[in-house]
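Colleague: Got query05.cif for you, mmCIF, C-alpha atoms:
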data_structure
#
loop_
_atom_site.label_atom_id
_atom_site.label_comp_id
_atom_site.auth_asym_id
_atom_site.auth_seq_id
_atom_site.Cartn_x
_atom_site.Cartn_y
_atom_site.Cartn_z
CA MET A 215 -16.21 -119.48 112.79
CA ILE A 216 -16.74 -115.85 111.81
CA PHE A 217 -18.38 -116.62 108.45
CA GLN A 218 -20.55 -119.47 107.10
CA ILE A 219 -18.58 -120.35 103.95
CA ASP A 220 -20.28 -123.18 102.05
CA ASN A 221 -18.91 -123.10 98.49
CA LEU A 222 -15.84 -122.15 96.44
CA TRP A 223 -17.69 -119.47 94.47
CA GLN A 224 -17.80 -117.36 97.60
CA ILE A 225 -14.04 -117.66 98.00
CA LEU A 226 -13.51 -116.85 94.31
CA GLY A 227 -15.69 -113.75 94.69
CA TRP A 228 -13.56 -112.63 97.63
CA VAL A 229 -10.34 -113.18 95.65
CA LEU A 230 -11.70 -111.19 92.71
CA VAL A 231 -12.68 -108.27 94.95
CA PHE A 232 -9.35 -108.34 96.79
CA ALA A 233 -7.33 -108.48 93.54
CA GLY A 234 -9.48 -105.82 91.91
CA LEU A 235 -8.96 -103.43 94.81
CA ILE A 236 -5.19 -103.99 94.75
CA ILE A 237 -4.93 -103.47 90.97
CA LEU A 238 -7.15 -100.38 90.81
CA ASN A 239 -5.38 -98.84 93.79
CA GLU A 240 -2.07 -99.27 91.96
CA LEU A 241 -3.50 -97.67 88.83
CA GLY A 242 -4.93 -94.78 90.82
CA ARG A 243 -1.84 -94.01 92.89
CA LYS A 244 0.95 -94.48 90.36
CA THR A 245 0.27 -91.47 88.12
CA LYS A 246 -1.64 -88.21 88.11
CA ALA A 247 -3.62 -89.34 85.10
CA GLY A 248 -4.65 -92.59 86.80
CA GLY A 249 -5.70 -90.73 89.94
CA MET A 250 -7.70 -88.18 87.98
CA VAL A 251 -9.54 -90.85 86.01
CA ILE A 252 -10.41 -93.10 88.96
CA PHE A 253 -11.06 -90.50 91.66
CA VAL A 254 -12.35 -87.50 89.70
CA ILE A 255 -13.70 -88.36 86.24
CA ILE A 256 -15.40 -91.67 87.12
CA PRO A 257 -17.09 -90.28 90.29
CA VAL A 258 -18.40 -87.30 88.28
CA LEU A 259 -19.83 -89.63 85.63
CA LEU A 260 -21.35 -91.87 88.30
CA THR A 261 -22.92 -88.85 90.00
CA VAL A 262 -24.64 -87.93 86.73
CA TYR A 263 -25.78 -91.55 86.39
CA TYR A 264 -27.22 -91.63 89.93
CA ILE A 265 -29.10 -88.36 89.40
CA LEU A 266 -30.54 -89.51 86.09
CA ALA A 267 -31.60 -92.81 87.67
CA HIS A 268 -33.45 -90.88 90.37
CA VAL A 269 -35.38 -88.83 87.80
CA GLY A 270 -36.55 -91.94 85.98
CA LEU A 271 -33.82 -92.86 83.49
CA PHE A 272 -31.84 -96.12 83.50
CA GLY A 273 -34.79 -97.99 84.97
CA GLY A 274 -35.86 -95.36 87.47
CA LYS A 275 -37.01 -96.90 90.75
CA ASP A 276 -36.05 -100.35 89.44
CA ASN A 277 -32.45 -99.26 88.85
CA PRO A 278 -30.24 -101.39 91.14
CA THR A 279 -28.68 -98.33 92.81
CA VAL A 280 -32.06 -96.75 93.52
CA ALA A 281 -33.66 -100.04 94.54
CA TYR A 282 -30.92 -101.43 96.78
CA MET A 283 -28.39 -98.71 97.72
CA ASP A 284 -30.41 -95.53 98.14
CA GLY A 285 -29.69 -94.92 101.84
CA TRP A 286 -27.87 -91.71 102.80
CA PHE A 287 -25.08 -93.63 104.49
CA HIS A 288 -23.97 -95.36 101.28
CA TYR A 289 -23.73 -92.08 99.40
CA PHE A 290 -21.98 -90.42 102.32
CA LYS A 291 -19.30 -93.13 102.48
CA LEU A 292 -18.72 -93.00 98.72
CA TYR A 293 -18.24 -89.24 98.51
CA ALA A 294 -16.41 -88.92 101.84
CA ALA A 295 -13.91 -91.55 100.71
CA ASP A 296 -13.50 -89.95 97.28
CA ILE A 297 -13.05 -86.46 98.74
CA GLY A 298 -10.36 -87.99 100.92
CA CYS A 299 -8.59 -89.43 97.88
CA VAL A 300 -8.63 -86.06 96.08
CA GLY A 301 -7.34 -84.29 99.19
CA PHE A 302 -4.49 -86.77 99.52
CA MET A 303 -3.61 -86.18 95.86
CA MET A 304 -3.52 -82.44 96.53
CA ILE A 305 -1.04 -83.02 99.35
CA LYS A 306 1.29 -85.42 97.56
CA TYR A 307 1.31 -83.41 94.31
CA GLN A 308 1.31 -80.02 96.10
CA TRP A 309 -1.82 -78.83 94.30
CA GLY A 310 -3.62 -75.73 95.54
CA LEU A 311 -4.42 -76.04 99.25
CA GLY A 312 -2.14 -79.06 99.36
CA LYS A 313 0.80 -76.63 99.61
CA LYS A 314 -0.53 -75.11 102.83
CA LYS A 315 0.85 -76.34 106.15
CA TRP A 316 -2.57 -76.20 107.86
CA PHE A 317 -4.04 -78.44 105.15
CA LYS A 318 -1.90 -81.29 106.44
CA TRP A 319 -4.49 -81.70 109.20
CA TYR A 320 -6.98 -82.70 106.48
CA PRO A 321 -6.23 -86.48 106.51
CA TRP A 322 -6.63 -86.63 110.30
CA LEU A 323 -9.86 -84.64 110.09
CA ILE A 324 -11.52 -86.72 107.37
CA VAL A 325 -10.49 -90.04 108.93
CA SER A 326 -11.79 -88.84 112.31
CA ALA A 327 -15.09 -87.76 110.77
CA ASN A 328 -15.54 -91.17 109.15
CA ILE A 329 -14.77 -92.94 112.41
CA MET A 330 -17.29 -90.79 114.28
CA ILE A 331 -20.01 -91.53 111.71
CA ALA A 332 -19.34 -95.24 112.28
CA ASN A 333 -19.48 -94.70 116.05
CA VAL A 334 -22.89 -93.05 115.67
CA SER A 335 -24.09 -96.11 113.72
CA ASP A 336 -22.88 -98.38 116.52
CA LEU A 337 -24.70 -96.33 119.14
CA GLU A 338 -27.85 -96.25 116.98
CA SER A 339 -27.87 -100.05 116.95
CA ALA A 340 -27.38 -100.24 120.72
CA LEU A 341 -30.18 -97.73 121.33
CA ALA A 342 -32.49 -99.57 118.93
CA ALA A 343 -31.94 -102.79 120.88
CA LEU A 344 -32.50 -100.96 124.16
CA SER A 345 -35.75 -99.44 122.93
CA ILE A 346 -37.12 -102.84 121.87
CA SER A 347 -36.04 -105.10 124.74
CA GLY A 348 -35.07 -102.68 127.49
CA ASN A 349 -31.55 -104.12 127.76
CA LEU A 350 -28.31 -104.55 125.81
CA SER A 351 -28.06 -108.32 125.93
CA GLY A 352 -28.93 -108.57 122.23
CA THR A 353 -32.00 -107.72 120.13
CA TRP A 354 -32.83 -107.94 116.42
CA TRP A 355 -33.88 -104.89 114.42
CA ALA A 356 -33.99 -103.98 110.69
CA SER A 357 -31.98 -101.02 109.34
CA ASN A 358 -32.70 -98.70 106.42
CA GLU A 359 -29.93 -100.53 104.51
CA GLY A 360 -32.09 -103.66 104.51
CA VAL A 361 -29.99 -105.52 107.06
CA PHE A 362 -31.05 -107.41 110.18
CA LEU A 363 -28.80 -106.19 113.00
CA TYR A 364 -28.35 -107.69 116.43
CA GLY A 365 -27.72 -104.69 118.64
CA GLY A 366 -26.24 -104.98 122.12
CA TRP A 367 -23.39 -104.12 124.46
CA TRP A 368 -20.84 -105.01 121.79
CA ASN A 369 -21.91 -101.90 119.84
CA VAL A 370 -21.20 -99.65 122.82
CA LEU A 371 -17.81 -101.27 123.35
CA ASN A 372 -16.89 -100.90 119.68
CA ALA A 373 -17.98 -97.24 119.63
CA LEU A 374 -15.61 -96.62 122.55
CA ALA A 375 -12.83 -98.41 120.62
CA GLY A 376 -13.50 -96.15 117.63
CA LEU A 377 -13.32 -93.03 119.77
CA ILE A 378 -9.96 -94.13 121.18
CA ASN A 379 -8.78 -95.00 117.68
CA ILE A 380 -9.11 -91.35 116.61
CA PHE A 381 -6.47 -90.43 119.18
CA CYS A 382 -4.18 -93.22 117.99
CA MET A 383 -3.34 -91.18 114.88
CA THR A 384 -0.06 -89.39 115.63
CA GLY A 385 2.37 -87.15 113.78
CA CYS A 386 -0.67 -85.78 111.96
CA ILE A 387 1.01 -82.93 110.09
CA HIS A 388 4.18 -84.81 109.20
CA LEU A 389 3.14 -85.93 105.73
CA TYR A 390 5.47 -86.43 102.75
CA SER A 391 5.44 -87.27 99.08
CA SER A 392 7.32 -90.39 98.03
CA LYS A 393 10.61 -89.71 96.25
CA ASP A 394 9.91 -91.75 93.10
CA ARG A 395 9.65 -89.90 89.82
CA ASN A 396 5.85 -89.69 89.85
CA ARG A 397 5.53 -88.89 93.58
CA SER A 398 3.14 -91.84 93.69
CA ASP A 399 2.29 -91.79 97.40
CA MET A 400 1.33 -89.54 100.26
CA LEU A 401 3.29 -90.92 103.20
CA TRP A 402 2.26 -90.70 106.85
CA PRO A 403 5.28 -92.39 108.52
CA ASP A 404 4.02 -92.11 112.09
CA MET A 405 0.95 -94.14 111.14
CA THR A 406 2.65 -97.45 111.92
CA ILE A 407 1.48 -101.01 112.42
CA TRP A 408 0.22 -100.02 115.88
CA PHE A 409 -2.51 -97.82 114.45
CA ILE A 410 -3.18 -100.00 111.40
CA ILE A 411 -3.96 -103.14 113.42
CA ALA A 412 -6.02 -101.17 115.97
CA TYR A 413 -8.01 -99.56 113.14
CA ASP A 414 -8.48 -102.78 111.17
CA ILE A 415 -9.87 -104.72 114.12
CA TRP A 416 -12.17 -101.86 115.14
CA ASN A 417 -13.42 -101.29 111.58
CA PHE A 418 -13.92 -104.97 110.88
CA GLU A 419 -16.07 -105.18 114.00
CA TYR A 420 -17.98 -102.12 112.83
CA THR A 421 -18.85 -103.79 109.51
CA TYR A 422 -19.58 -107.10 111.28
CA LEU A 423 -22.04 -105.34 113.61
CA ASN A 424 -23.63 -102.82 111.24
CA LEU A 425 -23.26 -104.32 107.75
CA PRO A 426 -23.04 -108.04 108.56
CA THR A 427 -24.41 -109.22 105.20
CA HIS A 428 -21.70 -107.15 103.44
CA ALA A 429 -18.79 -107.76 105.83
CA TRP A 430 -17.31 -110.58 103.74
CA TYR A 431 -16.32 -107.94 101.19
CA CYS A 432 -16.50 -104.49 102.84
CA GLY A 433 -14.96 -105.78 106.07
CA PHE A 434 -12.60 -108.64 105.28
CA ALA A 435 -11.40 -107.98 101.70
CA LEU A 436 -11.58 -104.19 101.82
CA LEU A 437 -9.54 -103.87 105.01
CA LEU A 438 -6.95 -106.47 104.04
CA ALA A 439 -6.14 -104.89 100.63
CA PRO A 440 -4.51 -101.66 101.91
CA THR A 441 -2.89 -103.47 104.82
CA VAL A 442 -1.20 -105.99 102.53
CA ALA A 443 -0.04 -103.20 100.19
CA ASN A 444 1.45 -101.28 103.13
CA ALA A 445 3.17 -104.38 104.50
CA LEU A 446 4.70 -105.65 101.26
CA TRP A 447 5.49 -102.81 98.86
CA ASN A 448 3.96 -99.47 99.80
CA LYS A 449 5.24 -98.73 103.30
CA GLY A 450 3.96 -95.54 104.89
CA ALA A 451 1.06 -95.02 102.47
CA TRP A 452 -1.56 -97.08 104.31
CA ILE A 453 -4.03 -94.22 104.77
CA GLN A 454 -3.83 -93.36 101.07
CA ASN A 455 -4.33 -97.03 100.15
CA ARG A 456 -7.26 -97.24 102.56
CA ALA A 457 -9.01 -94.19 101.11
CA ASN A 458 -8.40 -95.33 97.54
CA THR A 459 -9.68 -98.86 98.03
CA LEU A 460 -12.67 -97.65 100.05
CA ALA A 461 -13.68 -95.20 97.32
CA ILE A 462 -13.24 -97.86 94.62
CA TRP A 463 -15.33 -100.39 96.56
CA CYS A 464 -18.07 -97.85 97.33
CA MET A 465 -18.34 -96.90 93.65
CA TRP A 466 -18.63 -100.56 92.68
CA ALA A 467 -21.06 -101.51 95.45
CA GLN A 468 -23.23 -98.44 94.79
CA THR A 469 -23.42 -99.10 91.07
CA VAL A 470 -23.54 -102.93 91.03
CA PRO A 471 -25.19 -103.76 94.39
CA LEU A 472 -26.51 -107.14 93.29
CA PHE A 473 -22.94 -108.47 93.08
CA GLN A 474 -22.93 -108.96 96.85
CA LEU A 475 -26.66 -109.56 97.32
CA LYS A 476 -27.50 -112.42 94.98
CA GLY A 477 -25.94 -114.95 92.64
CA ARG A 478 -22.80 -117.01 92.93
CA PHE A 479 -20.76 -114.21 94.49
CA ALA A 480 -23.32 -113.13 97.08
CA ALA A 481 -21.57 -112.15 100.30
CA VAL A 482 -21.02 -114.94 102.82
CA LEU A 483 -23.30 -114.69 105.83
CA PRO A 484 -21.61 -114.25 109.23
CA SER A 485 -22.06 -116.78 112.01
CA LEU A 486 -24.45 -114.33 113.68
CA TYR A 487 -27.24 -115.74 111.51
CA ALA A 488 -27.03 -119.25 112.95
CA GLY A 489 -29.00 -121.75 110.89
CA ALA A 490 -29.40 -119.46 107.87
CA THR A 491 -27.20 -121.43 105.49
CA ALA A 492 -28.58 -124.79 106.68
CA ASN A 493 -32.13 -123.55 106.05
CA GLY A 494 -31.30 -122.17 102.61
CA VAL A 495 -31.70 -118.53 103.60
CA THR A 496 -29.69 -116.26 101.31
CA THR A 497 -28.31 -112.75 101.60
CA MET A 498 -31.06 -111.55 99.28
CA ASP A 499 -33.76 -113.25 101.38
CA LEU A 500 -32.56 -111.36 104.43
CA TYR A 501 -32.41 -108.08 102.52
CA GLU A 502 -35.95 -108.35 101.16
CA LYS A 503 -37.43 -109.23 104.54
CA ALA A 504 -35.46 -106.52 106.39
CA ILE A 505 -36.20 -103.71 103.92
CA GLY A 506 -39.85 -104.72 103.91
CA LEU A 507 -40.03 -104.35 107.69
CA TYR A 508 -38.19 -101.03 107.58
CA ASN A 509 -40.46 -99.60 104.88
CA ALA A 510 -43.49 -100.70 106.90
CA GLY A 511 -42.21 -98.75 109.89
CA GLN A 512 -41.49 -101.91 111.87
CA GLY A 513 -37.70 -101.91 111.66
CA LYS A 514 -37.19 -100.98 115.31
CA THR A 515 -39.90 -103.22 116.74
CA ALA A 516 -40.17 -106.78 118.00
CA ALA A 517 -41.40 -107.73 114.51
CA ALA A 518 -37.76 -107.94 113.38
CA GLY A 519 -37.02 -110.73 115.84
CA GLN A 520 -40.21 -112.53 114.87
CA ALA A 521 -39.27 -112.37 111.17
CA ILE A 522 -35.81 -113.80 111.88
CA GLU A 523 -37.27 -116.61 113.95
CA ALA A 524 -39.75 -117.44 111.19
CA MET A 525 -36.80 -118.01 108.80
CA GLY A 526 -35.30 -120.58 111.17
CA ILE A 527 -32.46 -118.31 112.28
CA THR A 528 -31.20 -117.93 115.83
CA ALA A 529 -28.74 -115.26 116.96
CA ASP A 530 -25.17 -116.31 117.66
CA PRO A 531 -23.44 -113.12 118.88
CA ARG A 532 -20.36 -114.81 120.30
CA MET A 533 -18.02 -113.47 117.61
CA GLN A 534 -19.60 -110.02 117.86
CA GLY A 535 -18.77 -109.95 121.57
CA PHE A 536 -15.29 -111.41 121.17
CA VAL A 537 -14.16 -109.05 118.40
CA SER A 538 -15.57 -106.00 120.23
CA MET A 539 -13.50 -106.90 123.30
CA LEU A 540 -10.48 -107.44 121.07
CA ALA A 541 -11.06 -104.03 119.44
CA ILE A 542 -11.22 -102.15 122.72
CA GLY A 543 -8.24 -104.06 124.10
CA VAL A 544 -5.99 -103.40 121.10
CA ASN A 545 -6.94 -99.73 120.93
CA LEU A 546 -6.28 -99.26 124.65
CA LEU A 547 -2.88 -100.89 124.18
CA CYS A 548 -2.13 -98.64 121.20
CA ILE A 549 -3.03 -95.43 123.04
CA ALA A 550 -1.00 -96.58 126.07
CA VAL A 551 2.08 -97.04 123.85
CA ILE A 552 1.54 -93.57 122.36
CA ILE A 553 1.21 -91.96 125.80
CA LYS A 554 4.34 -93.73 127.02
CA ARG A 555 6.42 -92.69 124.00
CA SER A 556 5.16 -89.10 124.04
CA ILE A 557 6.06 -88.76 127.73
CA GLN A 558 9.51 -90.23 127.14
CA MET A 559 10.11 -87.91 124.18
CA LYS A 560 8.43 -84.93 125.90
CA ARG A 561 6.36 -83.95 122.90
CA ASN A 562 2.79 -83.57 121.73
CA PRO A 563 2.04 -86.81 119.81
CA TYR A 564 -0.34 -85.14 117.36
CA SER A 565 1.78 -82.25 116.12
CA ASN A 566 4.96 -84.31 116.46
CA GLU A 567 6.06 -87.82 115.54
CA VAL A 568 6.43 -90.37 118.34
CA PHE A 569 7.38 -93.53 116.45
CA VAL A 570 10.75 -92.24 115.27
CA GLY A 571 13.27 -95.08 115.37
CA THR A 572 10.77 -97.91 114.93
CA LYS A 573 11.09 -100.25 111.95
CA ASP A 574 7.82 -99.16 110.30
CA TYR A 575 8.63 -95.49 110.68
CA GLU A 576 12.18 -95.74 109.32
CA GLU A 577 11.09 -97.83 106.32
CA ALA A 578 8.44 -95.25 105.47
CA MET A 579 10.86 -92.35 105.86
CA ALA A 580 13.33 -94.09 103.55
CA ARG A 581 10.72 -93.58 100.79
CA ALA A 582 10.09 -89.90 101.54
CA ALA A 583 11.32 -87.02 99.40
CA LEU A 584 13.18 -84.91 101.94
CA SER A 585 14.50 -81.65 100.53
CA PHE A 586 17.12 -79.54 102.29
CA LEU A 587 17.90 -76.15 100.77
CA LEU A 588 21.59 -75.40 100.86
CA PRO A 589 22.12 -71.87 102.26
CA GLY A 590 23.12 -69.47 99.53
CA LYS A 591 22.53 -72.02 96.75
CA ALA A 592 19.61 -72.73 94.43
CA ASN A 593 19.95 -76.50 94.30
CA ARG A 594 18.52 -79.03 96.78
CA PHE A 595 20.00 -82.07 98.46
CA HIS A 596 18.00 -85.09 99.54
CA CYS A 597 18.66 -87.25 102.56
CA LYS A 598 18.49 -91.03 102.14
CA ARG A 599 17.34 -91.51 105.70
CA ARG A 600 16.07 -89.27 108.41
CA CYS A 601 18.49 -87.55 110.78
CA ARG A 602 16.52 -86.88 113.97
CA LEU A 603 18.74 -83.96 115.00
CA CYS A 604 18.41 -82.23 111.63
CA PHE A 605 14.75 -82.95 111.06
CA HIS A 606 13.34 -82.11 114.45
CA SER A 607 15.29 -78.86 114.43
CA LEU A 608 14.33 -77.97 110.86
CA GLN A 609 11.80 -75.28 111.74
CA ARG A 610 13.77 -73.81 114.66
CA PHE A 611 17.38 -73.86 113.45
CA SER A 612 19.26 -73.86 110.19
CA ILE A 613 20.66 -77.10 108.84
CA PHE A 614 24.37 -76.52 108.63
CA PHE A 615 26.12 -77.58 105.46
CA ALA A 616 29.82 -77.30 104.75
CA LYS A 617 29.55 -74.93 101.82
CA ALA A 618 32.81 -75.94 100.19
CA LYS A 619 32.16 -79.67 100.31
CA ASN A 620 28.38 -79.58 99.83
CA SER A 621 27.99 -81.99 102.75
CA CYS A 622 25.95 -82.06 105.93
CA PHE A 623 27.73 -81.63 109.26
CA PHE A 624 25.50 -84.29 110.79
CA LEU A 625 25.53 -86.87 108.00
CA PRO A 626 28.35 -88.59 106.12
CA GLN A 627 28.78 -87.71 102.46
CA GLU A 628 27.40 -91.04 101.23
CA MET A 629 24.03 -90.23 102.83
CA LEU A 630 23.53 -87.34 100.38
CA TYR A 631 22.66 -87.58 96.71
#
Show this structure as structure tokens.

Modeller:
Amino acid sequence: MIFQIDNLWQILGWVLVFAGLIILNELGRKTKAGGMVIFVIIPVLLTVYYILAHVGLFGGKDNPTVAYMDGWFHYFKLYAADIGCVGFMMIKYQWGLGKKKWFKWYPWLIVSANIMIANVSDLESALAALSISGNLSGTWWASNEGVFLYGGWWNVLNALAGLINIFCMTGCIHLYSSKDRNRSDMLWPDMTIWFIIAYDIWNFEYTYLNLPTHAWYCGFALLLAPTVANALWNKGAWIQNRANTLAIWCMWAQTVPLFQLKGRFAAVLPSLYAGATANGVTTMDLYEKAIGLYNAGQGKTAAAGQAIEAMGITADPRMQGFVSMLAIGVNLLCIAVIIKRSIQMKRNPYSNEVFVGTKDYEEAMARAALSFLLPGKANRFHCKRRCRLCFHSLQRFSIFFAKAKNSCFFLPQEMLY
């Protein structure tokens, strides 16, 4: 078992988080007004709230955000995710820099930066274990987030999987707005199920290794929400869904941290903490002990292992090891597929698309607003599906239309509207 589920309240909490992420993502992506409220106005108001809490208002040092979520990493993730959401809105609505061709590298850049930050966290955990025990077979230490981590070789393996995952993003500048009336989505068609599964497994392992007492929500629910949306009704917009749901969750977790730390909906403990549930140890118990050790300067010492042992907990890293091997395996497979397809198509997989013709890609492109300017005319025609010959030649050759019939030489009339 990956998690130690012991009551229905925990499952209900997961369902509420999952549903909330889905609903708020829909509200934020559907209209400009919804996006502005959720990803601009609310973050600005929360920023004012956090600053005022730090200067003594709203409870000061006893404010939940200040008391439980004051680490730099939490703030970094919140604002990095939100900046990503705003950037994606600029691209899909063609606002400001969003009109520039070079700005289409922005999604790849911000996703890569987030992955690298996670990789650094993985390596920090491995090095902490190495400094305490002298090996990577597994050692407890306490982080500045108030979490007992069991660092080891699995962290190194997962960091390598994350590094590979960066290069599994292809067709990086081929981004489109969806063709619905509101241009609801930024589409990245070449980001298919290959990348999504590779990313999800890697990122789940990251949360399981580095935020294990939060992984029930920030790993399981948070990763599943955008993946389900992409699979069922929002094909091609996975990266937008991912950024939106991540920003929404970070705002909630930063402002209401006790939701996942104590009470009926406290996050389920992973199987790593063997014996915790049986001995009545809660998520909050672990937090208080871990943050106490960290504040005393003993986070990266043998005292962390002694504290865990005193609570009747023994390490069970089997799932950590298994998922890390799965993460590296799936990412190696994904990059191998990309290399094979790019060689066959004789093109750079990052400035060009390599999944043309696959089911995921074609379904995403069917949603894209593709505009072809008719030579000598002011109006535009839209293609209902991608024509590889036309599209891949778009920047090098003219698209030939029969001027009298207003039809494309390469496509039948019924494909135009």

Colleague: Taking only C-alpha atoms into account, which of A:Gln218, A:Gln224, A:Ser398, A:Ser565 comes nearest Gly477 (chain A)?

Modeller: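 Among the listed residues, the smallest separation from Gly477 (chain A) belongs to A:Gln224.
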
Colleague: Given only C-alpha atoms as the basis, pick out the residue of A:Ala332, A:Leu500, A:Ala518, A:Leu271 nearest to Tyr422 (chain A).

Modeller: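 Of A:Ala332, A:Leu500, A:Ala518, A:Leu271, the one nearest Tyr422 (chain A) is A:Ala332, counting only C-alpha atoms.
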
Colleague: Would you mind reading off the distance between CA of Leu437 (chain A) and CA of Asn566 (chain A), one decimal, in Å?

Modeller: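 According to the coordinates, CA of Leu437 (chain A) and CA of Asn566 (chain A) are separated by 26.9 Å.
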
Colleague: When distances are computed from only C-alpha atoms, which of A:Ala343, A:Ile237, A:Leu436, A:Val334 shows the smallest separation from Ala467 (chain A)?

Modeller: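 That would be A:Leu436, the residue with the smallest distance to Ala467 (chain A).
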
Colleague: Kindly give the distance, in Å, that separates CA of Asp414 (chain A) and CA of Ala461 (chain A), rounded to a single decimal.

Modeller: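 Computing the Euclidean distance for CA of Asp414 (chain A) and CA of Ala461 (chain A) yields 16.6 Å.
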